[in-house]
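What follows is a single structure, written as structure tokens, with notes after it.
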Amino acid sequence: MTVRGWAKDLAMGVRFAFAGGREGWVRALLTAVGVGLGVALLLLTTAIPSALSARDRRGSDRDDFTYSGKVLSKADDTVIVAQTDTTFRSDDVRGRLLQPEGDKAPLPPGVGTFPAKGEMVVSPALKKLLESGSGKLLRERLPYRISGTIGHAGLIGPAELAYYAGATGLEHQLSSGYVERLDYFGPSPNHQQDGLDPVLILLIMIIFVVLLLPVGVFIAAAVRFGGERRDRRLAALRLVGADGRMARRIAGGEALAGALLGLVLGSVFFLIGRQSAGLLVVRDISVFPSDLNPSPALVALVAVAVPAAAVLVTLFALRGVVIEPLGVVRTAKPPRRRLWWRLLLPLGGLALLYPMVGKGNADGNFNEWMVISGTVLLLVGVTALLPWLVEAVVARLDPGAVSWQLAVRRLQLSSGSAARMVNGIAVAVAGAIALQMLFAGVEHDYVKSTRADLNRAQMEVSLRGDIPLSEAGRRLAGTEGVRHASALALGSAEDKPKNPDNSVEVAVGSCKELGQVARLSSCRDGDIFRIVGAHYDETSPKLLRAGRTLYFDRDYGASGSHPVPWKVPAAGLKTAGPRPDPTGYERGGLLVTPKALPAAATAGFTRKVYVSLDPSVSDAREYARNAAAAMDPLADVYALTSGKVNLQFRSIRTGLFVGATCVLVLIGASLLVSQLEQLRERKKLLSALVAFGTQRRTLSLSVLWQTAIPIALGLLLASAVGLTLGAVLLRMTGETVRVDWASVLSMTGIGAAVVLVVTVLSLPPLLRLMRPDGLRTE
């Protein structure tokens with residue numbers, strides 16, 4: 001057969017799809033919707049890397065910390081930037097104070113002019129929040145007049161909360177670590193991002209396979225919609241002279257028509273989803289629609305692969321079908337499906353993955369092609385094994401109620417179509433179970449305990465202004481929603497006034513407050529304590545000797561600073577035992593009560609306040625943050641937590657959540673389209689049963705059983721394959737194989753819930769189809 005002959009037959013099939021009357025259009029449209037949903041998700045998925053890259057690029061372009069440790073000299077082209085990030089409820093707010101020092105001072109990206117003192121430019125999302133009733137508490141924390149908005153170039157996403165405010169006097173805090181003088185905004189040559197370790201790369205590869213493979217399965221199932229009606233048309237073609245191969249190619253042309261229309265609909269769905277992306281915020285991640293630009297090469301691949309797959313799947317589906325002029329031979333009992341070749345797929349996947357067992361983080365990188373190929377073969381094995389499993393089980397089911405008999409008989413006659421409908425969700429559940437096992441297994445490497453004692457405090461406030469220590473504690477303790485506050489001044493004492501070699505930690509506070517960071521036997525104002533027995537404190541015994549002079553540097557080592565000397569007293573230096581502070585840190589060095597040090601010595605110390613909140617006050621954290629900001633605009637307020645998650649690990653987990661949400665939506669939509677297509681094909685059969693007196697309740701239950709049986713078998717198989725893949729992946733990372741049964745049950749439960757929702761949504765069309773007038777024909 002020549003290429004020209006193939007093209008002619010495919011073109012004839014395309015004409016039949018669009019010129020075959022209402023039936024042809026309906027089938028082409030159903031196919032197109034199913035394919036279009038898959039194509040849209042493929043395009044959105046291929047666009048995500050470019051969107052994340054654009055976010056990172058804009059974030060890097062506005063970097064305002066050099067990581068050099070040097071202070072630039074004041075010039076006409078410099079600007080002082082102070083970091084004032086905060087949190088409002090569960091949302092992060094990026095804040096900066098700006099003080100230009102000349103006419104050529106660089107502007108941050110997205111900002112047209114420097115805001116004056118008392119003014120700020122804000123992101124559109126922050127402006128909307130501040131103008132709403134829910135942003136009242138945040139408005140109190142940001143006492144600036146809004147003078148403009150930050151442009152697209154200065155934001156990583158449309159939902160980002162950010163502001164730049166004008167300020168003066170920042171030059172006095174240039175050495176504090178949170179204030180810098182810059183002559184440009186952008187990435188620092190001294191700062192390098194940490195690369196991903198092999199386990200995180202493995203996670204990313206598995207996520208992409210798990211999320212994209214169900215999409216391909218759904219597209220393959222969508223191009224086979226309307227198979228029984230198509231077969232009758234092919235029989236008519238045989239009657240007018242077409243041979244069997246030509247009829248199959250024409251059928252491929254019909255599938256090609258649906259796939260091409262699906263590409264068009266998929267592009268429309270993608271553009272709709274792209275525009276909607278700017279309105280969505282998932283796990284604090286938002287993207288601009290203009291950032292969702294799929295790679296041209298991947299778009300071309302999708303445009304070629306989807307139509308080609310439609311034709312090949314159709315030809316493969318018809319390989320065992322005998323198309324004769326008087327009908328299609330489907331009523332004869334088909335041969336039993338063979339198991340041996342279906343087992344080769346998962347076994348081949350295991351064989352590809354096995355050589356990488358035990359590599360983990362320490363034994364080299366994983367071969368990405370072997371990982372992807374092995375995972376794909378294992379998951380595709382679900383689609384190969386499920387038709388055999390459904391056929392083997394339904395052939396042995398005993399008769400029962402009428403609804404059960406109708407469902408079982410239908411499954412016995414067409415178990416393949418029932419399995420096809422379930423294949424996608426089975427693959428998705430199997431992949432999700434494996435991923436959950438992998439995440440749970442490696443989580444301990446990326447989620448670290450902070451050792452914070454949340455019973456003693458829930459927040460830590462760091463103040464850098466000149467506010468007295470007692471005043472800081474009193475004002476925070478009197479804030480609404482705060483039970484009590486413990487204030488300490490924390491700093492260090494050095495062995496030399498300039499370029500010190502060693503230093504010792506110093507904590508200043510009342511006896512009650514010092515008891516938060518050490519174990520004191522007795523204490524009164526004027527006492528000085530040396531902590532003994534603290535871990536990693538090797539300098540205190542050397543420096544804290546009677547008569548030795550230590551130096552307190554109030555200006556953080558800046559040029560022109562005048563360290564304050566202090567002599568260790570010859571007598572009266574008490575000892576104290578170590579005790580972790582509320583954050584879990586165990587300090588060493590000196591503990592000093594206020595009367596024992598001159599005020600000038602602690603002028604450069606950081607005021608730390610440990611705050612205990614009243615859980616009955618819903619916005620207690622916000623009241624505490626407002627009180628801290630009122631005392632010091634540069635205050636750092638941290639909410640203490642029991643665990644700290646690696647940022648890269650958290651980003652990957654967030655990406656998985658976003659992708660899984662999209663795939664679940666696709667699963668539900670595709671299953672609904674598939675269910676409606678099957679009901680449409682059985683319209684006359686349902687009408688005939690109703691005309692003969694079958695109760696609608698019986699038919700509705702039969703449809704439910706027809707869905708429930710394959711789904712139950714599919715989820716059972718998915719659980720087995722998912723557990724196997726998860727165990728192999730854990731062995732590859734060098735972790736102990738542990739089954740998180742809660743995750744397994746939750747994944748299977750989500751899959752079952754999606755099917756239940758689809759079944760409920762298909763009941764109204766089913767009831768409309770169950771009318772005797774459905775027997776009428778033209």
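In the structure tokens, chains take the letters A, B, ... in the order shown, each chain's residues start at 1, and ligands count up from 1 in the order shown.
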| message | Just want the 7 Å neighbourhood of range 503-512 of chain A, counted on only C-alpha atoms, with same-chain residues fewer than 2 positions away dropped. Output as a ChimeraX atom specification. | response | /A:487-495,514-515,523-525,539-540,588-594
For the residues in the current selection, export all heavy atoms as a short mmCIF file (atom, residue, chain, number, x, y, z; two decimals), in the first residue's frame.
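Output file out-v6.cif follows:
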data_model
loop_
_atom_site.label_atom_id
_atom_site.label_comp_id
_atom_site.auth_asym_id
_atom_site.auth_seq_id
_atom_site.Cartn_x
_atom_site.Cartn_y
_atom_site.Cartn_z
N ALA A 487 11.78 38.99 77.78
CA ALA A 487 12.69 39.80 76.97
C ALA A 487 14.12 39.64 77.42
O ALA A 487 14.42 39.71 78.62
CB ALA A 487 12.28 41.27 77.04
N LEU A 488 15.04 39.43 76.48
CA LEU A 488 16.46 39.30 76.74
C LEU A 488 17.24 40.12 75.71
O LEU A 488 16.79 40.28 74.57
CB LEU A 488 16.91 37.84 76.63
CG LEU A 488 16.40 36.85 77.67
CD1 LEU A 488 16.70 35.44 77.23
CD2 LEU A 488 17.04 37.14 79.03
N ALA A 489 18.40 40.63 76.14
CA ALA A 489 19.32 41.27 75.21
C ALA A 489 20.45 40.28 74.93
O ALA A 489 21.12 39.81 75.86
CB ALA A 489 19.87 42.56 75.81
N LEU A 490 20.63 39.96 73.66
CA LEU A 490 21.60 38.92 73.29
C LEU A 490 22.70 39.53 72.41
O LEU A 490 22.42 40.30 71.49
CB LEU A 490 20.89 37.79 72.54
CG LEU A 490 19.74 37.10 73.26
CD1 LEU A 490 19.13 36.03 72.39
CD2 LEU A 490 20.21 36.52 74.58
N GLY A 491 23.92 39.18 72.73
CA GLY A 491 25.04 39.65 71.94
C GLY A 491 26.28 38.84 72.26
O GLY A 491 26.20 37.66 72.64
N SER A 492 27.45 39.46 72.13
CA SER A 492 28.70 38.75 72.39
C SER A 492 29.74 39.73 72.91
O SER A 492 29.64 40.94 72.72
CB SER A 492 29.21 38.05 71.12
OG SER A 492 29.50 39.01 70.12
N ALA A 493 30.74 39.14 73.56
CA ALA A 493 31.89 39.91 74.04
C ALA A 493 33.13 39.31 73.41
O ALA A 493 33.31 38.08 73.41
CB ALA A 493 31.97 39.87 75.57
N GLU A 494 34.02 40.20 72.85
CA GLU A 494 35.20 39.73 72.12
C GLU A 494 36.47 39.88 72.96
O GLU A 494 36.54 40.67 73.91
CB GLU A 494 35.37 40.50 70.80
CG GLU A 494 34.35 40.12 69.74
CD GLU A 494 33.04 40.87 69.87
OE1 GLU A 494 33.05 41.97 70.47
OE2 GLU A 494 32.01 40.36 69.40
N ASP A 495 37.49 39.15 72.53
CA ASP A 495 38.75 39.20 73.27
C ASP A 495 39.61 40.41 72.88
O ASP A 495 40.57 40.74 73.57
CB ASP A 495 39.55 37.91 73.07
CG ASP A 495 39.84 37.63 71.60
OD1 ASP A 495 39.30 38.36 70.73
OD2 ASP A 495 40.58 36.66 71.32
N LEU A 514 16.29 35.33 82.57
CA LEU A 514 17.48 34.48 82.40
C LEU A 514 17.16 33.03 82.69
O LEU A 514 17.81 32.12 82.16
CB LEU A 514 18.61 34.96 83.32
CG LEU A 514 19.22 36.32 82.99
CD1 LEU A 514 20.28 36.69 84.02
CD2 LEU A 514 19.81 36.31 81.58
N GLY A 515 16.15 32.78 83.53
CA GLY A 515 15.74 31.41 83.80
C GLY A 515 15.17 30.71 82.59
O GLY A 515 15.01 29.48 82.60
N CYS A 523 19.24 33.94 92.31
CA CYS A 523 19.56 35.08 91.44
C CYS A 523 18.96 36.35 92.03
O CYS A 523 17.85 36.35 92.57
CB CYS A 523 19.01 34.84 90.03
SG CYS A 523 19.24 36.24 88.90
N ARG A 524 19.74 37.46 91.90
CA ARG A 524 19.22 38.79 92.21
C ARG A 524 19.92 39.78 91.28
O ARG A 524 20.99 39.48 90.71
CB ARG A 524 19.45 39.15 93.68
CG ARG A 524 20.87 39.15 94.14
CD ARG A 524 20.98 39.34 95.65
NE ARG A 524 22.34 39.26 96.12
CZ ARG A 524 23.20 40.28 96.12
NH1 ARG A 524 22.80 41.45 95.68
NH2 ARG A 524 24.43 40.12 96.58
N ASP A 525 19.30 40.94 91.11
CA ASP A 525 19.83 41.93 90.17
C ASP A 525 21.25 42.33 90.58
O ASP A 525 21.52 42.65 91.75
CB ASP A 525 18.92 43.16 90.14
CG ASP A 525 19.14 43.98 88.87
OD1 ASP A 525 19.97 43.57 88.05
OD2 ASP A 525 18.47 45.01 88.71
N THR A 539 35.13 28.27 74.16
CA THR A 539 35.84 29.53 74.38
C THR A 539 35.59 30.14 75.75
O THR A 539 36.42 30.89 76.26
CB THR A 539 35.44 30.56 73.29
OG1 THR A 539 34.02 30.76 73.36
CG2 THR A 539 35.82 30.06 71.91
N SER A 540 34.42 29.82 76.34
CA SER A 540 34.09 30.44 77.65
C SER A 540 35.16 30.18 78.70
O SER A 540 35.58 31.12 79.41
CB SER A 540 32.73 29.96 78.14
OG SER A 540 31.71 30.45 77.31
N GLY A 588 25.78 28.98 75.71
CA GLY A 588 26.83 28.98 76.72
C GLY A 588 27.20 30.41 77.03
O GLY A 588 26.46 31.36 76.74
N GLY A 589 28.37 30.63 77.64
CA GLY A 589 28.86 31.97 77.88
C GLY A 589 28.34 32.60 79.15
O GLY A 589 28.21 31.94 80.18
N LEU A 590 28.04 33.91 79.07
CA LEU A 590 27.69 34.73 80.22
C LEU A 590 26.19 35.01 80.30
O LEU A 590 25.52 35.20 79.26
CB LEU A 590 28.41 36.09 80.14
CG LEU A 590 29.84 36.18 80.67
CD1 LEU A 590 30.38 37.58 80.39
CD2 LEU A 590 29.91 35.88 82.16
N LEU A 591 25.70 35.06 81.53
CA LEU A 591 24.36 35.56 81.83
C LEU A 591 24.54 36.74 82.77
O LEU A 591 25.20 36.62 83.82
CB LEU A 591 23.50 34.49 82.49
CG LEU A 591 23.27 33.19 81.73
CD1 LEU A 591 22.44 32.24 82.57
CD2 LEU A 591 22.58 33.46 80.40
N VAL A 592 23.97 37.88 82.41
CA VAL A 592 24.22 39.11 83.17
C VAL A 592 22.89 39.77 83.51
O VAL A 592 22.02 39.92 82.63
CB VAL A 592 25.10 40.08 82.37
CG1 VAL A 592 25.46 41.30 83.24
CG2 VAL A 592 26.36 39.39 81.88
N THR A 593 22.70 40.18 84.75
CA THR A 593 21.54 40.97 85.13
C THR A 593 21.81 42.44 84.81
O THR A 593 22.97 42.86 84.72
CB THR A 593 21.23 40.80 86.63
OG1 THR A 593 22.42 41.05 87.37
CG2 THR A 593 20.74 39.39 86.91
N PRO A 594 20.77 43.27 84.60
CA PRO A 594 20.97 44.63 84.08
C PRO A 594 21.93 45.49 84.88
O PRO A 594 22.71 46.27 84.30
CB PRO A 594 19.55 45.21 84.10
CG PRO A 594 18.66 44.03 83.96
CD PRO A 594 19.34 42.92 84.70
#
| request: Please give the complete set of residues from range 111-203 of chain A that DSSP, run on the backbone, assigns to strand (DSSP E), formatted as number ranges by chain. | output: A: 119-122, 145-149, 161-166, 179-182
Would you mind exporting the chosen residues as an mmCIF file, in the first residue's frame, restricted to C-alpha atoms?
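Result saved to out-v8.cif:
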data_model
loop_
_atom_site.group_PDB
_atom_site.id
_atom_site.type_symbol
_atom_site.label_atom_id
_atom_site.label_comp_id
_atom_site.auth_asym_id
_atom_site.auth_seq_id
_atom_site.Cartn_x
_atom_site.Cartn_y
_atom_site.Cartn_z
ATOM 1 C CA GLU A 119 4.827 56.424 51.263
ATOM 2 C CA MET A 120 4.964 52.994 49.633
ATOM 3 C CA VAL A 121 4.395 51.301 46.300
ATOM 4 C CA VAL A 122 2.586 47.989 46.591
ATOM 5 C CA ARG A 145 0.377 56.001 52.174
ATOM 6 C CA ILE A 146 0.028 54.064 48.924
ATOM 7 C CA SER A 147 1.555 56.135 46.128
ATOM 8 C CA GLY A 148 1.736 53.567 43.338
ATOM 9 C CA THR A 149 1.846 49.902 42.364
ATOM 10 C CA LEU A 161 2.008 40.478 48.541
ATOM 11 C CA ALA A 162 4.904 42.955 48.345
ATOM 12 C CA TYR A 163 5.746 46.592 48.991
ATOM 13 C CA TYR A 164 8.590 49.128 48.852
ATOM 14 C CA ALA A 165 8.423 51.995 51.371
ATOM 15 C CA GLY A 166 10.513 55.174 51.620
ATOM 16 C CA VAL A 179 20.373 46.485 55.823
ATOM 17 C CA GLU A 180 22.662 46.835 52.787
ATOM 18 C CA ARG A 181 23.952 49.558 50.498
ATOM 19 C CA LEU A 182 23.631 48.564 46.828
#
| message | Give me the residues near Arg696 in chain A as an MDAnalysis selection string, where near means some atom within 12 Å (using only C-alpha atoms) and where sequence neighbours in that chain fewer than 5 positions away do not count. | response | chainID A and resid 402:403 686:691 701:703 763:764 766:772
For N, CA, C and O atoms, I'd like the residues from the last selection saved as a compact mmCIF listing (two decimals), in the first residue's frame.
# COMPACT_ATOMS: atom_id res chain seq x y z
N VAL A 402 -31.51 -8.73 39.54
CA VAL A 402 -31.63 -8.41 38.11
C VAL A 402 -30.61 -7.35 37.72
O VAL A 402 -29.95 -7.47 36.66
N SER A 403 -30.44 -6.32 38.54
CA SER A 403 -29.47 -5.26 38.22
C SER A 403 -28.06 -5.83 38.15
O SER A 403 -27.26 -5.46 37.28
N LEU A 686 -31.49 0.59 26.40
CA LEU A 686 -32.13 1.05 27.62
C LEU A 686 -33.61 1.34 27.40
O LEU A 686 -34.47 1.00 28.23
N SER A 687 -33.91 1.97 26.27
CA SER A 687 -35.31 2.27 25.96
C SER A 687 -36.12 0.99 25.80
O SER A 687 -37.28 0.90 26.24
N ALA A 688 -35.52 -0.03 25.15
CA ALA A 688 -36.22 -1.30 24.97
C ALA A 688 -36.51 -1.97 26.31
O ALA A 688 -37.60 -2.50 26.55
N LEU A 689 -35.54 -1.95 27.22
CA LEU A 689 -35.75 -2.56 28.53
C LEU A 689 -36.85 -1.83 29.30
O LEU A 689 -37.68 -2.46 29.99
N VAL A 690 -36.88 -0.49 29.21
CA VAL A 690 -37.94 0.27 29.89
C VAL A 690 -39.29 -0.05 29.25
O VAL A 690 -40.31 -0.21 29.95
N ALA A 691 -39.32 -0.18 27.92
CA ALA A 691 -40.57 -0.48 27.24
C ALA A 691 -41.12 -1.85 27.64
O ALA A 691 -42.34 -2.05 27.66
N LEU A 701 -29.12 0.93 38.99
CA LEU A 701 -28.21 0.11 39.77
C LEU A 701 -27.28 -0.71 38.88
O LEU A 701 -26.10 -0.91 39.21
N SER A 702 -27.81 -1.16 37.74
CA SER A 702 -26.95 -1.94 36.84
C SER A 702 -25.81 -1.09 36.30
O SER A 702 -24.68 -1.56 36.17
N VAL A 703 -26.12 0.18 35.99
CA VAL A 703 -25.06 1.07 35.52
C VAL A 703 -24.03 1.29 36.63
O VAL A 703 -22.82 1.33 36.38
N LEU A 763 -26.25 10.19 36.22
CA LEU A 763 -27.62 9.69 36.44
C LEU A 763 -28.68 10.53 35.73
O LEU A 763 -29.61 9.95 35.12
N PRO A 764 -28.64 11.87 35.76
CA PRO A 764 -29.66 12.63 35.03
C PRO A 764 -29.72 12.30 33.53
O PRO A 764 -30.81 12.05 33.00
N LEU A 766 -28.84 9.51 32.20
CA LEU A 766 -29.33 8.13 32.14
C LEU A 766 -30.85 8.10 32.24
O LEU A 766 -31.51 7.38 31.49
N LEU A 767 -31.41 8.87 33.15
CA LEU A 767 -32.87 8.89 33.31
C LEU A 767 -33.54 9.45 32.06
O LEU A 767 -34.65 9.01 31.70
N ARG A 768 -32.92 10.41 31.39
CA ARG A 768 -33.50 10.94 30.16
C ARG A 768 -33.46 9.91 29.04
O ARG A 768 -34.34 9.88 28.17
N LEU A 769 -32.42 9.07 29.04
CA LEU A 769 -32.30 8.05 27.99
C LEU A 769 -33.28 6.90 28.19
O LEU A 769 -33.60 6.18 27.23
N MET A 770 -33.72 6.69 29.43
CA MET A 770 -34.59 5.55 29.72
C MET A 770 -36.06 5.91 29.46
O MET A 770 -36.90 5.94 30.36
N ARG A 771 -36.35 6.23 28.20
CA ARG A 771 -37.72 6.53 27.79
C ARG A 771 -38.07 5.66 26.59
O ARG A 771 -37.24 5.42 25.72
N PRO A 772 -39.30 5.21 26.53
CA PRO A 772 -39.69 4.37 25.39
C PRO A 772 -39.53 5.05 24.04
O PRO A 772 -39.27 4.39 23.03
| Which polymer residues have any atom within 9 Å of an atom of Gly751 in chain A, counting only C-alpha atoms, with same-chain residues fewer than 2 positions away left out, as a list in words? |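 Residues near the query, excluding close chain neighbours: Ile425, Ala426, Ala428, Val429, Leu664, Ile711, Leu715, Ser746, Met747, Thr748, Gly749, Ala753, Val754, Val755 and Leu756 of chain A.
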Prev. selection, N, CA and C atoms, output as a CSV table (one decimal), in the first residue's frame:
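File produced: result_7.csv:
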chain,number,residue,atom,x,y,z
A,425,ILE,N,-7.5,6.0,35.7
A,425,ILE,CA,-7.6,6.3,37.1
A,425,ILE,C,-6.7,5.2,37.8
A,426,ALA,N,-6.7,4.0,37.3
A,426,ALA,CA,-5.8,3.0,37.9
A,426,ALA,C,-4.4,3.4,37.9
A,428,ALA,N,-3.2,6.4,37.6
A,428,ALA,CA,-3.0,7.6,38.4
A,428,ALA,C,-2.9,7.2,39.9
A,429,VAL,N,-3.7,6.3,40.3
A,429,VAL,CA,-3.7,5.8,41.7
A,429,VAL,C,-2.4,5.0,42.0
A,664,LEU,N,-6.5,15.1,38.6
A,664,LEU,CA,-7.8,14.7,39.2
A,664,LEU,C,-9.0,15.3,38.4
A,711,ILE,N,-13.9,-0.7,38.6
A,711,ILE,CA,-13.2,0.3,39.5
A,711,ILE,C,-12.5,-0.5,40.7
A,715,LEU,N,-8.6,-0.5,41.2
A,715,LEU,CA,-7.9,0.0,42.4
A,715,LEU,C,-7.1,-1.1,43.2
A,746,SER,N,-6.0,6.5,51.5
A,746,SER,CA,-6.5,7.8,51.1
A,746,SER,C,-6.4,7.9,49.5
A,747,MET,N,-5.4,7.4,48.9
A,747,MET,CA,-5.3,7.4,47.4
A,747,MET,C,-6.4,6.6,46.8
A,748,THR,N,-6.6,5.4,47.3
A,748,THR,CA,-7.6,4.6,46.7
A,748,THR,C,-9.0,5.2,47.0
A,749,GLY,N,-9.2,5.8,48.2
A,749,GLY,CA,-10.4,6.4,48.5
A,749,GLY,C,-10.7,7.6,47.6
A,753,ALA,N,-13.8,8.0,45.1
A,753,ALA,CA,-14.7,9.1,45.2
A,753,ALA,C,-14.9,9.8,43.9
A,754,VAL,N,-13.8,9.9,43.1
A,754,VAL,CA,-13.9,10.5,41.8
A,754,VAL,C,-14.9,9.8,40.9
A,755,VAL,N,-14.8,8.4,41.0
A,755,VAL,CA,-15.8,7.6,40.2
A,755,VAL,C,-17.2,7.7,40.7
A,756,LEU,N,-17.3,7.8,42.0
A,756,LEU,CA,-18.7,8.0,42.6
A,756,LEU,C,-19.3,9.3,42.1
| said: Need to verify the contact set: range 473-486 of chain A, 6 Å, only C-alpha atoms, exclusion of same-chain residues closer than 5 positions in sequence. Can you return it as a list in words? | reply: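 Result of the neighbour search: Glu513, Val609, Tyr610, Val611, Ser612, Leu613, Asp614, Val617 and Ala620 of chain A.
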Atoms to include: N, CA, C and O atoms. Write the selected residues as a PDB file, in the first residue's frame.
ATOM      1  N   GLU A 513      13.800  36.241  83.443  1.00  0.00           N
ATOM      2  CA  GLU A 513      14.018  36.024  82.008  1.00  0.00           C
ATOM      3  C   GLU A 513      15.236  35.144  81.768  1.00  0.00           C
ATOM      4  O   GLU A 513      15.242  34.303  80.861  1.00  0.00           O
ATOM      5  N   VAL A 609      12.532  38.675  72.283  1.00  0.00           N
ATOM      6  CA  VAL A 609      11.376  38.519  73.155  1.00  0.00           C
ATOM      7  C   VAL A 609      10.675  37.218  72.772  1.00  0.00           C
ATOM      8  O   VAL A 609      10.287  37.031  71.603  1.00  0.00           O
ATOM      9  N   TYR A 610      10.559  36.316  73.734  1.00  0.00           N
ATOM     10  CA  TYR A 610       9.842  35.060  73.522  1.00  0.00           C
ATOM     11  C   TYR A 610       8.406  35.267  73.985  1.00  0.00           C
ATOM     12  O   TYR A 610       8.149  35.622  75.142  1.00  0.00           O
ATOM     13  N   VAL A 611       7.465  35.046  73.056  1.00  0.00           N
ATOM     14  CA  VAL A 611       6.071  35.414  73.294  1.00  0.00           C
ATOM     15  C   VAL A 611       5.210  34.162  73.368  1.00  0.00           C
ATOM     16  O   VAL A 611       5.280  33.290  72.477  1.00  0.00           O
ATOM     17  N   SER A 612       4.415  34.093  74.429  1.00  0.00           N
ATOM     18  CA  SER A 612       3.429  33.016  74.578  1.00  0.00           C
ATOM     19  C   SER A 612       2.056  33.589  74.286  1.00  0.00           C
ATOM     20  O   SER A 612       1.674  34.636  74.837  1.00  0.00           O
ATOM     21  N   LEU A 613       1.303  32.924  73.393  1.00  0.00           N
ATOM     22  CA  LEU A 613       0.033  33.457  72.899  1.00  0.00           C
ATOM     23  C   LEU A 613      -1.153  32.767  73.550  1.00  0.00           C
ATOM     24  O   LEU A 613      -1.069  31.632  74.028  1.00  0.00           O
ATOM     25  N   ASP A 614      -2.272  33.482  73.517  1.00  0.00           N
ATOM     26  CA  ASP A 614      -3.543  32.942  74.000  1.00  0.00           C
ATOM     27  C   ASP A 614      -4.251  32.292  72.808  1.00  0.00           C
ATOM     28  O   ASP A 614      -4.649  32.997  71.870  1.00  0.00           O
ATOM     29  N   VAL A 617      -7.593  33.661  71.179  1.00  0.00           N
ATOM     30  CA  VAL A 617      -7.634  34.885  70.370  1.00  0.00           C
ATOM     31  C   VAL A 617      -7.162  34.534  68.968  1.00  0.00           C
ATOM     32  O   VAL A 617      -5.991  34.202  68.768  1.00  0.00           O
ATOM     33  N   ALA A 620      -4.112  36.542  67.453  1.00  0.00           N
ATOM     34  CA  ALA A 620      -3.082  36.886  68.448  1.00  0.00           C
ATOM     35  C   ALA A 620      -1.726  37.123  67.778  1.00  0.00           C
ATOM     36  O   ALA A 620      -0.986  38.041  68.155  1.00  0.00           O
TER      37      ALA A 620
END
| Do you know which residues are at most 8 Å from Lys496 in chain A counting only C-alpha atoms, after dropping those on the same chain fewer than 4 positions away, and could you put them as number ranges by chain? | A: 500-501, 550-551
Produce a file of the selected residues containing N, CA, C and O atoms, as a tab-separated table (two decimals), in the first residue's frame.
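Resulting contents of part-v1.tsv:
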chain	number	residue	atom	x	y	z
A	500	PRO	N	38.71	40.59	66.45
A	500	PRO	CA	38.83	39.60	67.54
A	500	PRO	C	39.04	38.19	66.98
A	500	PRO	O	38.61	37.86	65.88
A	501	ASP	N	39.73	37.38	67.80
A	501	ASP	CA	39.93	35.97	67.44
A	501	ASP	C	38.84	35.08	68.06
A	501	ASP	O	38.47	34.06	67.47
A	550	LEU	N	37.23	42.13	78.36
A	550	LEU	CA	36.48	41.80	77.15
A	550	LEU	C	35.87	43.08	76.57
A	550	LEU	O	35.79	44.11	77.26
A	551	TYR	N	35.44	43.01	75.32
A	551	TYR	CA	34.98	44.21	74.63
A	551	TYR	C	33.59	43.96	74.02
A	551	TYR	O	33.36	42.94	73.37
| Which residues, written as a list of chain:residue names, have at least one atom at most 12 Å from Gln275 in chain A, with only C-alpha atoms counted and residues fewer than 2 positions away on the same chain left out? |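 Counting only the stated atoms, we get A:Leu44, A:Pro158, A:Val268, A:Phe269, A:Phe270, A:Leu271, A:Ile272, A:Gly273, A:Ala277, A:Gly278, A:Leu279, A:Leu280, A:Val287, A:Phe288, A:Pro289, A:Ser290, A:Asp291, A:Leu292, A:Asn293.
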| Could you pull out all residues of range 7-72 of chain A with a DSSP call of alpha helix (DSSP H) and give them as a VMD selection string? | chain A and resid 7 to 19 21 to 61
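Here CA of Ser267 in chain A stands at a distance of 9.4 Å from CA of Leu37 in chain A.
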| request: Between A:Ser286, A:Thr707, A:Thr168, A:Ser123, single out the one closest to Leu52 in chain A, counting only C-alpha atoms. | output: A:Ser286
